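> Pasting query-v3.txt below, which is compact mmCIF, C-alpha atoms and all ligand atoms.
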```txt
# COMPACT_ATOMS: atom_id res chain seq x y z
CA MET A 176 73.32 65.02 97.12
CA ARG A 177 71.70 67.58 99.43
CA LEU A 178 74.47 69.85 100.67
CA LEU A 179 74.23 72.40 103.48
CA VAL A 180 76.88 75.13 103.16
CA THR A 181 77.32 77.40 106.18
CA GLY A 182 78.84 80.83 105.57
CA GLY A 183 78.01 80.60 101.85
CA ALA A 184 77.62 84.39 101.58
CA GLY A 185 81.21 84.96 102.76
CA PHE A 186 84.37 85.00 100.66
CA ILE A 187 85.40 81.35 100.43
CA GLY A 188 81.88 79.97 100.92
CA ALA A 189 80.44 82.04 98.04
CA ASN A 190 83.23 80.91 95.72
CA PHE A 191 82.55 77.32 96.82
CA VAL A 192 78.82 77.66 96.05
CA HIS A 193 79.55 79.19 92.62
CA ARG A 194 81.94 76.34 91.82
CA THR A 195 79.46 73.70 93.01
CA VAL A 196 76.54 75.09 91.02
CA ALA A 197 78.72 75.34 87.88
CA ARG A 198 80.22 71.86 88.10
CA ARG A 199 77.80 69.70 90.06
CA PRO A 200 74.22 70.02 88.79
CA ASP A 201 73.37 66.87 90.79
CA VAL A 202 73.97 68.71 94.08
CA HIS A 203 71.16 70.67 95.78
CA VAL A 204 72.76 73.50 97.74
CA THR A 205 71.24 75.17 100.80
CA VAL A 206 73.20 78.10 102.22
CA LEU A 207 72.88 79.00 105.91
CA ASP A 208 74.37 82.41 106.61
CA LYS A 209 73.72 85.03 109.29
CA LEU A 210 74.73 87.86 106.95
CA THR A 211 77.03 89.55 109.43
CA TYR A 212 79.04 92.56 108.19
CA ALA A 213 81.16 89.97 106.29
CA GLY A 214 78.28 88.22 104.51
CA ASN A 215 76.90 89.63 101.28
CA ARG A 216 73.80 88.38 99.45
CA ALA A 217 75.12 90.08 96.31
CA SER A 218 77.91 87.48 96.14
CA LEU A 219 75.26 84.85 95.39
CA ALA A 220 73.00 87.03 93.20
CA PRO A 221 74.17 85.50 89.87
CA ILE A 222 73.07 82.04 91.07
CA ALA A 223 70.20 83.02 93.39
CA ASP A 224 67.66 80.88 91.51
CA ARG A 225 69.91 77.79 91.64
CA ILE A 226 70.22 77.54 95.44
CA GLU A 227 68.16 77.82 98.61
CA PHE A 228 69.22 80.63 100.95
CA VAL A 229 68.41 80.68 104.68
CA GLN A 230 69.41 83.68 106.77
CA GLY A 231 70.18 82.43 110.27
CA ASP A 232 72.75 81.72 112.96
CA ILE A 233 74.77 78.48 113.15
CA ALA A 234 74.43 78.73 116.94
CA ASP A 235 70.61 78.50 116.63
CA ALA A 236 70.30 74.81 117.58
CA ALA A 237 66.66 74.38 116.46
CA LEU A 238 67.28 75.92 113.04
CA VAL A 239 70.49 73.96 112.55
CA ASP A 240 68.77 70.72 113.59
CA ARG A 241 66.04 71.28 110.99
CA LEU A 242 68.45 72.14 108.16
CA VAL A 243 70.94 69.36 108.90
CA GLY A 244 67.99 66.94 109.09
CA GLY A 245 67.35 67.67 105.40
CA ALA A 246 70.98 67.34 104.28
CA ASP A 247 73.28 64.46 103.34
CA ALA A 248 76.40 66.51 103.99
CA VAL A 249 77.47 69.78 105.59
CA VAL A 250 80.44 71.95 104.62
CA HIS A 251 81.07 74.42 107.43
CA PHE A 252 82.67 77.71 106.34
CA ALA A 253 80.79 80.13 108.63
CA ALA A 254 83.07 81.92 111.08
CA GLU A 255 84.22 85.23 112.40
CA SER A 256 87.37 85.33 110.30
CA HIS A 257 89.40 88.50 110.83
CA ASN A 258 92.32 88.53 113.28
CA ASP A 259 92.22 92.31 113.80
CA ASN A 260 88.55 92.16 114.81
CA SER A 261 89.29 89.34 117.25
CA LEU A 262 91.81 91.59 119.02
CA ALA A 263 89.24 94.39 119.33
CA ASP A 264 86.35 92.13 120.53
CA PRO A 265 86.89 88.37 120.94
CA TRP A 266 83.33 87.53 122.04
CA PRO A 267 81.67 86.99 118.60
CA PHE A 268 84.59 84.66 117.78
CA VAL A 269 83.92 82.49 120.84
CA GLN A 270 80.18 82.47 120.13
CA THR A 271 80.25 81.72 116.40
CA ASN A 272 83.44 79.71 116.00
CA ILE A 273 83.08 77.54 119.11
CA VAL A 274 79.40 77.54 120.13
CA GLY A 275 78.25 77.58 116.48
CA THR A 276 80.45 74.60 115.61
CA TYR A 277 79.11 72.77 118.69
CA ALA A 278 75.51 73.24 117.46
CA LEU A 279 76.43 71.87 114.02
CA LEU A 280 78.25 68.88 115.49
CA GLN A 281 75.29 67.97 117.68
CA ALA A 282 73.01 68.09 114.62
CA VAL A 283 75.28 66.02 112.34
CA ARG A 284 75.68 63.54 115.19
CA LYS A 285 71.90 63.18 115.53
CA HIS A 286 71.15 63.02 111.79
CA GLU A 287 74.29 61.03 110.84
CA ALA A 288 75.22 63.54 108.13
CA ARG A 289 78.70 63.74 106.59
CA TYR A 290 80.51 66.83 107.89
CA HIS A 291 83.50 68.75 106.53
CA HIS A 292 85.06 71.36 108.77
CA ILE A 293 86.90 74.31 107.22
CA SER A 294 89.79 75.58 109.29
CA THR A 295 93.03 77.50 109.05
CA ASP A 296 96.79 76.98 109.26
CA GLU A 297 96.79 79.61 112.01
CA VAL A 298 95.87 76.92 114.56
CA TYR A 299 99.56 75.90 114.42
CA GLY A 300 100.81 79.34 115.51
CA ASP A 301 103.68 80.76 113.47
CA LEU A 302 107.16 79.86 112.24
CA GLU A 303 110.28 82.01 112.58
CA LEU A 304 111.21 83.86 109.37
CA ASP A 305 114.49 81.89 109.14
CA ASP A 306 112.89 78.49 109.92
CA PRO A 307 113.02 76.35 106.75
CA GLY A 308 110.19 74.10 108.05
CA ALA A 309 106.48 74.02 107.24
CA PHE A 310 103.32 72.94 109.06
CA ASN A 311 102.07 69.40 108.51
CA GLU A 312 99.24 67.29 109.95
CA SER A 313 101.32 66.39 113.06
CA THR A 314 102.38 69.93 114.01
CA PRO A 315 101.18 70.69 117.56
CA TYR A 316 98.44 73.31 117.96
CA ASN A 317 99.76 76.66 119.25
CA PRO A 318 97.35 79.46 118.23
CA SER A 319 98.32 83.10 118.80
CA SER A 320 95.21 85.28 118.39
CA PRO A 321 91.66 85.00 119.75
CA TYR A 322 90.60 84.16 116.17
CA SER A 323 93.04 81.29 115.77
CA ALA A 324 92.39 80.05 119.33
CA THR A 325 88.66 79.77 118.59
CA LYS A 326 89.35 78.00 115.28
CA ALA A 327 91.69 75.59 117.12
CA SER A 328 88.96 74.99 119.72
CA SER A 329 86.44 74.18 117.00
CA ASP A 330 88.86 71.71 115.35
CA LEU A 331 89.31 69.93 118.69
CA LEU A 332 85.53 69.67 119.13
CA VAL A 333 85.33 68.00 115.70
CA ARG A 334 88.06 65.50 116.61
CA ALA A 335 86.26 64.64 119.87
CA TRP A 336 82.89 64.17 118.09
CA VAL A 337 84.57 61.77 115.64
CA ARG A 338 86.24 59.74 118.37
CA SER A 339 83.45 59.76 120.98
CA PHE A 340 80.31 59.75 118.84
CA GLY A 341 81.44 58.33 115.49
CA VAL A 342 80.61 61.49 113.55
CA ARG A 343 81.73 61.13 109.89
CA ALA A 344 83.89 64.25 109.77
CA THR A 345 87.00 65.52 108.01
CA ILE A 346 88.95 68.72 108.70
CA SER A 347 91.02 70.91 106.39
CA ASN A 348 93.45 73.63 107.48
CA CYS A 349 94.23 76.00 104.65
CA SER A 350 96.67 78.88 104.19
CA ASN A 351 95.81 82.48 103.17
CA ASN A 352 93.27 82.70 100.34
CA PHE A 353 92.90 85.41 97.71
CA GLY A 354 90.48 85.93 94.83
CA PRO A 355 87.08 87.51 94.08
CA TYR A 356 84.44 88.34 96.72
CA GLN A 357 86.97 88.83 99.56
CA HIS A 358 85.97 91.50 102.09
CA VAL A 359 87.93 94.78 101.82
CA GLU A 360 89.12 94.44 105.43
CA LYS A 361 91.59 91.72 104.32
CA PHE A 362 95.15 92.47 103.19
CA ILE A 363 95.02 92.07 99.39
CA PRO A 364 91.55 93.59 98.68
CA ARG A 365 92.30 96.44 101.08
CA GLN A 366 95.41 97.46 99.13
CA ILE A 367 93.73 97.02 95.72
CA THR A 368 90.71 99.14 96.68
CA ASN A 369 92.95 101.74 98.33
CA LEU A 370 94.82 102.11 95.04
CA ILE A 371 91.58 102.31 93.03
CA ASP A 372 90.70 105.20 95.40
CA GLY A 373 94.14 106.80 94.94
CA VAL A 374 95.17 106.00 98.55
CA ARG A 375 98.57 104.47 99.44
CA PRO A 376 98.63 100.79 100.53
CA ARG A 377 99.13 100.19 104.27
CA LEU A 378 101.71 97.71 105.48
CA TYR A 379 101.70 96.58 109.12
CA GLY A 380 105.10 97.22 110.69
CA ALA A 381 108.09 96.44 108.47
CA GLY A 382 106.08 94.07 106.26
CA HIS A 383 108.54 91.17 106.59
CA GLN A 384 105.83 88.71 107.64
CA VAL A 385 105.28 85.80 105.28
CA ARG A 386 101.96 84.31 104.19
CA ASP A 387 101.48 81.19 102.02
CA TRP A 388 98.99 82.40 99.38
CA ILE A 389 96.53 80.11 97.60
CA HIS A 390 93.81 81.01 95.11
CA VAL A 391 90.35 80.47 96.59
CA ASP A 392 89.39 78.12 93.70
CA ASP A 393 92.33 75.86 94.55
CA HIS A 394 91.22 75.78 98.19
CA ASN A 395 87.71 74.82 97.09
CA SER A 396 88.83 72.14 94.64
CA ALA A 397 90.72 70.54 97.54
CA VAL A 398 87.62 70.75 99.76
CA TRP A 399 85.60 68.86 97.14
CA GLU A 400 88.28 66.15 96.92
CA ILE A 401 88.28 65.73 100.70
CA LEU A 402 84.47 65.72 100.90
CA GLN A 403 84.27 62.94 98.32
CA ARG A 404 87.34 60.85 99.03
CA GLY A 405 88.88 61.98 102.33
CA ARG A 406 89.37 59.51 105.17
CA ILE A 407 86.89 59.99 108.03
CA GLY A 408 88.59 61.52 111.06
CA GLN A 409 91.53 62.76 108.98
CA THR A 410 92.94 66.29 108.91
CA TYR A 411 94.32 67.55 105.56
CA LEU A 412 96.47 70.65 105.17
CA ILE A 413 95.77 72.69 102.04
CA GLY A 414 98.44 74.92 100.51
CA ALA A 415 99.96 75.65 97.11
CA ASP A 416 103.60 76.61 97.89
CA GLY A 417 102.76 80.32 97.61
CA GLU A 418 105.02 81.92 100.24
CA ARG A 419 105.52 85.69 99.87
CA ASP A 420 106.36 88.43 102.35
CA ASN A 421 103.77 91.18 102.76
CA LYS A 422 106.01 93.93 101.36
CA SER A 423 106.58 91.95 98.13
CA VAL A 424 102.82 91.46 97.71
CA VAL A 425 102.20 95.21 98.13
CA GLN A 426 104.93 95.90 95.58
CA LEU A 427 103.38 93.53 93.03
CA ILE A 428 100.03 95.30 93.47
CA LEU A 429 101.73 98.71 93.12
CA GLU A 430 103.41 97.52 89.91
CA ALA A 431 100.07 96.41 88.48
CA PHE A 432 98.77 99.96 89.10
CA GLY A 433 101.87 101.51 87.49
CA ARG A 434 103.01 103.01 90.81
CA ALA A 435 106.50 103.21 92.32
CA PRO A 436 107.60 100.28 94.56
CA ASP A 437 107.96 102.52 97.63
CA ASP A 438 104.57 104.23 97.21
CA PHE A 439 103.06 102.74 100.41
CA ASP A 440 102.79 103.61 104.12
CA HIS A 441 104.06 101.62 107.08
CA VAL A 442 101.35 101.62 109.77
CA THR A 443 101.03 100.38 113.36
CA ASP A 444 101.90 96.69 113.58
CA ARG A 445 99.32 94.09 114.66
CA PRO A 446 99.85 93.04 118.31
CA GLY A 447 101.15 89.47 118.49
CA HIS A 448 101.56 89.46 114.68
CA ASP A 449 102.29 85.92 113.42
CA GLN A 450 105.59 85.96 111.51
CA ARG A 451 105.34 83.18 108.96
CA TYR A 452 102.92 80.49 107.83
CA ALA A 453 103.96 77.68 105.47
CA ILE A 454 102.06 74.55 104.47
CA ASP A 455 103.35 71.11 103.57
CA ALA A 456 100.43 69.66 101.55
CA THR A 457 102.13 66.32 100.81
CA LEU A 458 99.31 64.24 102.33
CA LEU A 459 96.62 65.93 100.23
CA ARG A 460 98.72 65.62 97.06
CA THR A 461 99.80 62.00 97.52
CA GLU A 462 96.67 60.50 99.06
CA LEU A 463 94.01 62.37 97.08
CA GLY A 464 96.06 63.37 94.03
CA TRP A 465 95.08 67.03 94.42
CA GLU A 466 97.07 69.68 92.52
CA PRO A 467 96.54 73.46 92.40
CA GLU A 468 95.57 75.09 89.09
CA TYR A 469 96.68 78.64 89.88
CA ARG A 470 100.45 78.16 89.98
CA ASP A 471 101.31 81.71 88.83
CA PHE A 472 100.63 84.06 91.79
CA ARG A 473 101.09 87.17 89.70
CA LYS A 474 98.50 86.07 87.12
CA GLY A 475 96.00 85.21 89.88
CA LEU A 476 96.69 88.58 91.52
CA ASP A 477 96.22 90.47 88.23
CA ALA A 478 92.88 88.70 87.67
CA THR A 479 91.84 89.59 91.23
CA ILE A 480 92.77 93.26 90.68
CA GLU A 481 90.70 93.20 87.48
CA TRP A 482 87.75 91.73 89.39
CA TYR A 483 87.84 94.55 91.98
CA ARG A 484 88.08 97.15 89.20
CA GLU A 485 85.03 95.66 87.48
CA ASN A 486 82.96 95.05 90.61
CA GLU A 487 83.16 98.34 92.48
CA SER A 488 79.44 98.21 93.27
CA TRP A 489 80.10 94.99 95.23
CA TRP A 490 82.80 96.39 97.54
CA ARG A 491 82.09 100.14 97.62
CA PRO A 492 79.35 99.98 100.33
CA GLN A 493 81.85 98.45 102.84
CA LYS A 494 84.95 100.51 102.06
CA ALA A 495 84.49 103.71 104.10
CA ALA A 496 83.24 101.92 107.24
CA THR A 497 86.12 99.42 107.05
CA GLU A 498 88.75 102.16 106.83
CA HIS A 499 87.03 104.09 109.62
CA ALA A 500 87.18 100.98 111.86
CA TYR A 501 90.94 100.66 111.27
CA VAL A 502 91.48 104.29 112.26
CA SER A 503 89.22 103.93 115.34
CA ALA A 504 91.25 100.87 116.38
CA GLY A 505 94.33 103.12 116.51
CA GLU A 506 96.01 102.46 113.15
CA GLN A 507 98.53 105.21 112.42
CA VAL A 508 101.20 105.86 109.82
CA ILE A 509 104.63 105.20 111.41
P1 LIG B 601 84.27 85.59 105.69
O1 LIG B 601 84.42 86.42 106.92
O2 LIG B 601 84.46 86.22 104.35
O3 LIG B 601 82.83 84.88 105.66
C1 LIG B 601 82.25 84.33 106.80
C2 LIG B 601 80.76 84.10 106.51
O4 LIG B 601 80.19 83.46 107.69
C3 LIG B 601 79.97 85.39 106.27
O5 LIG B 601 79.11 85.24 105.17
C4 LIG B 601 79.18 85.58 107.56
O6 LIG B 601 77.94 86.25 107.36
C5 LIG B 601 78.97 84.13 107.99
N1 LIG B 601 78.74 84.01 109.45
C6 LIG B 601 79.47 84.58 110.45
N2 LIG B 601 78.94 84.25 111.64
C7 LIG B 601 77.87 83.44 111.38
C8 LIG B 601 76.94 82.75 112.20
N3 LIG B 601 76.99 82.86 113.55
N4 LIG B 601 75.98 82.00 111.62
C9 LIG B 601 75.91 81.90 110.24
N5 LIG B 601 76.77 82.54 109.43
C10 LIG B 601 77.74 83.29 109.99
O7 LIG B 601 85.29 84.36 105.90
P2 LIG B 601 86.15 83.55 104.82
O8 LIG B 601 87.43 84.25 104.62
O9 LIG B 601 85.27 83.21 103.68
O10 LIG B 601 86.46 82.23 105.67
C11 LIG B 601 85.59 81.11 105.60
C12 LIG B 601 86.17 79.99 106.45
O11 LIG B 601 87.47 79.65 105.98
C13 LIG B 601 86.34 80.35 107.92
O12 LIG B 601 86.01 79.22 108.70
C14 LIG B 601 87.83 80.67 108.05
O13 LIG B 601 88.30 80.40 109.35
C15 LIG B 601 88.41 79.71 107.04
N6 LIG B 601 89.70 80.09 106.43
C16 LIG B 601 89.84 81.30 105.83
C17 LIG B 601 91.04 81.61 105.19
C18 LIG B 601 91.25 82.92 104.48
O14 LIG B 601 92.35 83.19 104.00
N7 LIG B 601 90.23 83.77 104.35
C19 LIG B 601 92.10 80.69 105.21
C20 LIG B 601 91.91 79.45 105.85
C21 LIG B 601 90.71 79.16 106.45
O1 LIG B 602 96.17 96.48 105.89
C1 LIG B 602 96.82 95.46 106.17
N1 LIG B 602 98.19 95.50 106.13
C2 LIG B 602 98.96 94.42 106.42
O2 LIG B 602 100.21 94.51 106.37
C3 LIG B 602 96.17 94.21 106.54
C4 LIG B 602 94.68 94.13 106.60
C5 LIG B 602 96.97 93.13 106.81
N2 LIG B 602 98.33 93.22 106.78
C6 LIG B 602 99.15 92.02 107.03
C7 LIG B 602 98.79 91.19 108.23
C8 LIG B 602 99.17 89.79 107.77
O3 LIG B 602 100.56 89.56 108.00
O4 LIG B 602 98.94 91.16 105.90
C9 LIG B 602 98.91 89.79 106.28
C10 LIG B 602 97.56 89.19 105.90
O5 LIG B 602 96.58 89.80 106.73
P1 LIG B 602 95.04 89.33 106.72
O6 LIG B 602 94.47 89.49 105.36
O7 LIG B 602 94.36 90.02 107.85
O8 LIG B 602 95.18 87.76 106.97
P2 LIG B 602 95.77 86.86 108.18
O9 LIG B 602 95.77 87.59 109.46
O10 LIG B 602 97.05 86.26 107.67
O11 LIG B 602 94.62 85.72 108.24
C11 LIG B 602 94.04 85.22 107.02
O12 LIG B 602 94.54 83.94 106.69
C12 LIG B 602 94.18 82.88 107.52
C13 LIG B 602 92.50 85.14 107.12
O13 LIG B 602 91.99 86.42 107.45
C14 LIG B 602 92.08 84.12 108.13
O14 LIG B 602 90.65 84.00 108.14
C15 LIG B 602 92.68 82.80 107.75
O15 LIG B 602 92.40 81.85 108.73
```
Please express what this file holds, its structure, as structure tokens.
Ligand code: NAD
Ligand code: TDX

Amino acid sequence: MRLLVTGGAGFIGANFVHRTVARRPDVHVTVLDKLTYAGNRASLAPIADRIEFVQGDIADAALVDRLVGGADAVVHFAAESHNDNSLADPWPFVQTNIVGTYALLQAVRKHEARYHHISTDEVYGDLELDDPGAFNESTPYNPSSPYSATKASSDLLVRAWVRSFGVRATISNCSNNFGPYQHVEKFIPRQITNLIDGVRPRLYGAGHQVRDWIHVDDHNSAVWEILQRGRIGQTYLIGADGERDNKSVVQLILEAFGRAPDDFDHVTDRPGHDQRYAIDATLLRTELGWEPEYRDFRKGLDATIEWYRENESWWRPQKAATEHAYVSAGEQVI
């Protein structure tokens, strides 16, 4: 199989490429990545000689047409992915997440390639903290941020290309991922690298918001199942029953560093902050028999902390600029 992976130098994409190279020697992987601030060639360095790497933009229709023409299947991870950035400047989100997905869809339509679209549970909006429910495949779309609105838009383009043009596509909407190679702007790596630097973790507002954490390898094992055996036109939600509030996650990280449970700062809350995400992955489990491997959040978190301790040269170049951007955006201790 010739597989085109967009965004393969980003967090989830790089983990997906590592997993594919390790487990599927029959698959030829080409990565298309623009190498924005979030992309990092170093994430693919250990397997550089096992893959083809193309630096380029998914919105570049001619380039995408050429690469999709040489592929049997496309897994589309590339995106602008950070909610806080989408509040500061939504334009790159519209361009990459919507226009970029359009260019890919036109190419898979022309070349009749199989297409898997990576999306997020944030397209469904949020749940109240006291709501016992969870998102499923029939939950209506109700995105809150420019990021989630552009991801929702891209999902709807995929559905239309399936229905109108017969594109062989599937969609997955996953909950919050953690694991190695995640950019230090995101919640868990930011707190780990702060603590390595002797700086207190930073919790938005009261920290009561709930996220449904899944290890990145479990997300990617589900993507492989869907790519191979998913029903064309179907959406699958991916989640591993990992609900935790943000304050509890910070306190687990503090404990791993031997620090007191109140040794963190509350900082300015995110405008429009989604309260709770929760995934009901029954369809994925029953139809495709998928099960997560990382059932112990604390163990996965400890391994992730270890990875950041051992790979400082990977994250160090981004750390100061990332923290500076948060301060410039108005983040203050409250
Ligand atoms: P990331 O920001 O770490 O990586 C994104 C990658 O896409 C980077 O390598 C970047 O260089 C590349 N990219 C950005 N714009 C591009 C363009 N125009 N052309 C080509 N490449 C471009 O993101 P991530 O956290 O790995 O997320 C990957 C996908 O998974 C996204 O579609 C995101 O919406 C989705 N997702 C993420 C999570 C999560 O918790 N991180 C959860 C559910 C879904
Ligand atoms: O310093 C912080 N302090 C803090 O309390 C940061 C960076 C975040 N937070 C909070 C905000 C969220 O409630 O932690 C939670 C997680 O924040 P992010 O890592 O920014 O993730 P989130 O906004 O939940 O979105 C993530 O999951 C869904 C990914 O970034 C998206 O790409 C994915 O679609």
> Which neighbours of Ser319 (chain A) fall inside 8 Å, counting all atoms listed in the file, when residues of the same chain fewer than 5 positions from it are skipped, and could you give them as a list in words?
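The neighbour list is Glu297, Val298, Gly300, Asp301, Ala324, Gly447 and Asp449 of chain A.
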> Measuring between all atoms listed in the file, which one of A:Arg377, A:His291, A:Arg198, A:Lys285 shows the shortest distance to ligand LIG 601 (chain B)?
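With all atoms listed in the file as the atom set, the closest residue is A:His291.
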> Using all atoms listed in the file, which residues sit within 12 Å of Leu219 (chain A) once same-chain residues fewer than 4 positions away are excluded, as a list in words?
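Near neighbours after the sequence-gap exclusion: Gly182, Gly183, Ala184, Gly185, Phe186, Ile187, Gly188, Ala189, Asn190, Phe191, Val192, His193, Arg194, Val196, Val204, Thr205, Val206, Asp208, Leu210, Gly214, Asn215, Ala223, Asp224, Arg225, Ile226, Glu227, Phe228, Tyr356 and Trp489 of chain A.
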> Store the residues picked out above in a file with C-alpha atoms, as a compact mmCIF listing (two decimals), keeping the file's coordinate frame.

```txt
# COMPACT_ATOMS: atom_id res chain seq x y z
CA GLY A 182 78.84 80.83 105.57
CA GLY A 183 78.01 80.60 101.85
CA ALA A 184 77.62 84.39 101.58
CA GLY A 185 81.21 84.96 102.76
CA PHE A 186 84.37 85.00 100.66
CA ILE A 187 85.40 81.35 100.43
CA GLY A 188 81.88 79.97 100.92
CA ALA A 189 80.44 82.04 98.04
CA ASN A 190 83.23 80.91 95.72
CA PHE A 191 82.55 77.32 96.82
CA VAL A 192 78.82 77.66 96.05
CA HIS A 193 79.55 79.19 92.62
CA ARG A 194 81.94 76.34 91.82
CA VAL A 196 76.54 75.09 91.02
CA VAL A 204 72.76 73.50 97.74
CA THR A 205 71.24 75.17 100.80
CA VAL A 206 73.20 78.10 102.22
CA ASP A 208 74.37 82.41 106.61
CA LEU A 210 74.73 87.86 106.95
CA GLY A 214 78.28 88.22 104.51
CA ASN A 215 76.90 89.63 101.28
CA ALA A 223 70.20 83.02 93.39
CA ASP A 224 67.66 80.88 91.51
CA ARG A 225 69.91 77.79 91.64
CA ILE A 226 70.22 77.54 95.44
CA GLU A 227 68.16 77.82 98.61
CA PHE A 228 69.22 80.63 100.95
CA TYR A 356 84.44 88.34 96.72
CA TRP A 489 80.10 94.99 95.23
```
> Suppose you want the space between CA of Val424 (chain A) and CA of Arg445 (chain A); what is it in Å?
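That distance, rounded to one decimal, is 17.5 Å.
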> Excluding Asp420 (chain A) and its own-chain neighbours fewer than 6 positions away, which residues fall within 7 Å of it when counting only C-alpha atoms? Please give them as a ChimeraX atom specification.
/A:382-386
